[in-house]
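Some notes on the structure that comes next.
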Amino acid sequence: MSIPQTGGGPIERHEQMAEYLAEGCKPKEDWRIGTEHEKFGYCKDSLKPLPYEGARSIEAVLEGLRDRYGWAPVTEGGKLIGLTKDDANVSLEPGGALELSGAPLETIHQTCDEVNIHLREVKDIADEIGVGFIGLGAAPIWQHDEMPLMPKGRYKLMDSYMQKVGTAGQTMMRRTCTVQVNLDFGSEADMVQKMRVAIALQPVATALFANSPFFEGKPNGMKSYRSWVWRHLDDARTGMVPFVFDEGFGFERWVEYALDVPMYFVYRDGKYIDALGQSFRDFLKGQLPALPGEYPTLSDWADHLTTLFPEARLKKFIEMRGADGGPWRRLCALPAFWVGLTYDQGALDAAWDLVKGWTPAQREAMRVAAADQGLQASIDGLKMHDLAREVLSIAEAGLKARARPGAGGLIPDETHFLNALHESVDSGKVLSDELMEQYAGPWGGDVTRIFGDYSY
């Protein structure tokens, strides 16, 4: 979840909101990779989720990272809610999952090093206090009432609103985890092409990274339960945003979409003010019921943009949001997948050629089928397994063309970060399939065995 934005002046012209997005345009040499990933924490002896406070808690992990590894604290209402260092930040999700929002880095070699360092630091602290962390798309055994809501004003507001607009919002907040990558664009036209490819191929990422077949201690019948949860959260702010494929789509059209998404809050003087269900359009006219007579700033606009949750999200960069959380190899594979598809023009063109003929109904059907069936999905004769193989080939070609070496030049490019995905395509099995085989075999139907076998 995002932290409050700062530094924006008043919005005095409608055009400023699109100009804010356009400020993200960068020359190709300045494009960066920002990887974010969440993981569930638990007490090793009881397998219960971590509370906020106590000897074994999220607060204790944050304090350990702060004191031992030099992270600077982020507080709200006197509570430690996050950490920052070197353009990266660590934050706590609503139900206590821990998230690393990585620094913007030049190569996947660097972002994978960052992931490994972070996981090592977290493990060092966690081991000392009897805590473990696991990367999954959904909490495997815990009930809603076992998941404490973390002490952030944003979460309190969202939690009270979620059940009014859907059926799975509180589940999303407390019991799902993702890995995503944030990528740059060079121009409005480049943004448009990347957004279209991102939205169309997000179901492929969902299928390849599916890692949530269990919920509340038993199989849920899906490959990505996390993706199912997002489909039942809030139709006003989630989904496949079909207008992205309309002629004339650009920054201004995204602004109009965002203005029609109901607000959550306004952040003032360190506090979240309840604006649930209210209109940013009214805010622009000084008619927001939560703050009558006040007008928004660009920081308010930036905050509002963080409350949109489509499968790919536009801010000053593009967020790829379709993948379940997972083990470390998948944390590195996700940025490799999307960088390969979008940071080389030849690969981006090939990806667009692959998807440009799909209809909105086909794209939505693929999203549903990816969550339910993973690589076994088939839509209108288009088999997800075959599609994933072709998309992975395009991504690999894109990474080869980028030719970004690692290990002091000993590794010629970033293609090896795709190996975990190649293994899935070669076998036809993703992590959810592997977990179900363990459940039916060595685990003897005991989902709790997942903690011992799959924790970091």
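As shown in the structure tokens, the chain order sets the letters A, B, ...; within each chain, residues go from 1, and ligands are also counted from 1 in the order they appear.
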
Run DSSP on the backbone of this structure and report the residues of segment 336-441 of chain A it assigns to alpha helix (DSSP H), as a ChimeraX atom specification. /A:336-342,345-355,360-373,384-402,419-427,431-440

List every residue of segment 5-100 of chain A that has an atom at most 8 Å from any atom of segment 165-175 of chain A, and for each one report the closest atom pair and its distance in Å to one decimal, counting only C-alpha atoms, with rows sorted by chain and then by increasing residue number, as CSV.
residue,atom,partner,partner_atom,distance
A:Glu93,CA,A:Met173,CA,7.3
A:Pro94,CA,A:Met173,CA,5.4
A:Gly95,CA,A:Arg174,CA,3.8
A:Gly96,CA,A:Arg174,CA,7.3
A:Ala97,CA,A:Arg174,CA,7.9

Could you write out that same residue set with C-alpha atoms as a JSON list (two decimals), in the first residue's frame?
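The resulting file, result_31.json, is reproduced below:
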[["chain", "number", "residue", "atom", "x", "y", "z"],
["A", 93, "GLU", "CA", 0.16, -4.12, 4.63],
["A", 94, "PRO", "CA", -3.29, -3.91, 6.25],
["A", 95, "GLY", "CA", -3.22, -7.43, 7.69],
["A", 96, "GLY", "CA", 0.43, -7.30, 8.72],
["A", 97, "ALA", "CA", 2.18, -8.53, 5.57]]

Using DSSP assignments from the backbone, pull out every residue in segment 145-323 of chain A that falls under strand (DSSP E) and give it to me as a compact mmCIF listing (two decimals) with C-alpha atoms, in the first residue's frame.
# COMPACT_ATOMS: atom_id res chain seq x y z
CA THR A 178 1.50 -9.79 -4.63
CA VAL A 179 4.71 -9.08 -6.45
CA GLN A 180 4.68 -6.24 -8.97
CA VAL A 181 7.09 -4.18 -11.02
CA ASN A 182 6.96 -0.48 -11.81
CA LEU A 183 8.25 0.59 -15.22
CA PHE A 214 -5.31 -22.76 -0.48
CA PHE A 215 -7.55 -20.65 1.72
CA LYS A 218 -8.16 -26.25 2.38
CA PRO A 219 -7.97 -26.11 -1.43
CA THR A 238 -10.46 -2.65 -10.51
CA GLY A 239 -10.44 -4.71 -13.68
CA PHE A 265 -9.63 10.00 1.84
CA VAL A 266 -7.82 13.33 1.93
CA TYR A 267 -4.56 13.51 3.87
CA ARG A 268 -4.14 16.64 5.99
CA LYS A 271 -4.32 12.51 9.42
CA TYR A 272 -6.60 10.75 6.97
CA ILE A 273 -9.92 12.57 6.53
CA ASP A 274 -12.87 10.38 5.58
CA PHE A 309 -6.53 -0.86 -8.53
CA PRO A 310 -6.80 -2.02 -12.17
CA ALA A 312 -2.11 -2.29 -14.67
CA ARG A 313 -2.06 1.16 -13.07
CA LEU A 314 -0.83 4.44 -14.51
CA ILE A 318 3.18 1.89 -14.98
CA GLU A 319 2.54 -0.74 -12.31
CA MET A 320 2.12 -4.38 -13.35
CA ARG A 321 -0.32 -5.83 -10.81
CA GLY A 322 -1.42 -9.31 -11.94
CA ALA A 323 0.95 -11.69 -10.14

Name all residues at most 7 Å from segment 194-204 of chain A (count only C-alpha atoms; drop same-chain ones fewer than 6 positions away) and give them as a ChimeraX atom specification. /A:240,244-245,311-312,320,322,342,351-352,355,363,366-367,370,388

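Closest to His422 of chain A among A:Ile450, A:Ala333, A:Asp246, A:Glu256 is A:Ala333, based on only C-alpha atoms.
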
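Residue nearest Val115 of chain A, chosen from A:Pro335, A:Gly441, A:Pro412, A:Gly102 and counting only C-alpha atoms: A:Gly102.
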
Using only C-alpha atoms, tabulate the residues of segment 149-253 of chain A lying at most 8 Å from any atom of segment 4-28 of chain A, each with its closest atom pair and that distance in Å to one decimal, by chain and increasing residue number, as a Markdown table.
| residue | atom | partner | partner_atom | distance |
| --- | --- | --- | --- | --- |
| A:Asp184 | CA | A:Lys26 | CA | 7.1 |
| A:Phe185 | CA | A:Cys25 | CA | 5.5 |
| A:Gly186 | CA | A:Cys25 | CA | 4.7 |
| A:Ser187 | CA | A:Cys25 | CA | 5.2 |
| A:Glu188 | CA | A:Ala22 | CA | 7.1 |
| A:Phe251 | CA | A:Ala18 | CA | 5.3 |
| A:Glu252 | CA | A:Ala18 | CA | 5.3 |

Need the shell around Leu47 of chain A: protein/DNA/RNA residues with any atom at most 10 Å away, counting only C-alpha atoms. Skip same-chain ones fewer than 5 positions apart. Format as a short mmCIF file (atom, residue, chain, number, x, y, z; two decimals) with C-alpha atoms, in the first residue's frame?
data_model
loop_
_atom_site.label_atom_id
_atom_site.label_comp_id
_atom_site.auth_asym_id
_atom_site.auth_seq_id
_atom_site.Cartn_x
_atom_site.Cartn_y
_atom_site.Cartn_z
CA GLY A 41 4.71 -13.11 8.60
CA TYR A 42 3.82 -15.70 11.23
CA VAL A 131 9.13 -15.44 13.31
CA GLY A 132 8.93 -16.71 9.73
CA ILE A 141 -4.86 -21.21 6.76
CA TRP A 142 -5.88 -18.04 8.60
CA THR A 448 0.20 -26.32 7.49
CA PHE A 451 5.19 -23.24 6.19
#

Suppose you want the space between atom CA of Ala397 of chain A and atom CA of Gly326 of chain A; what is it in Å? 24.5 Å
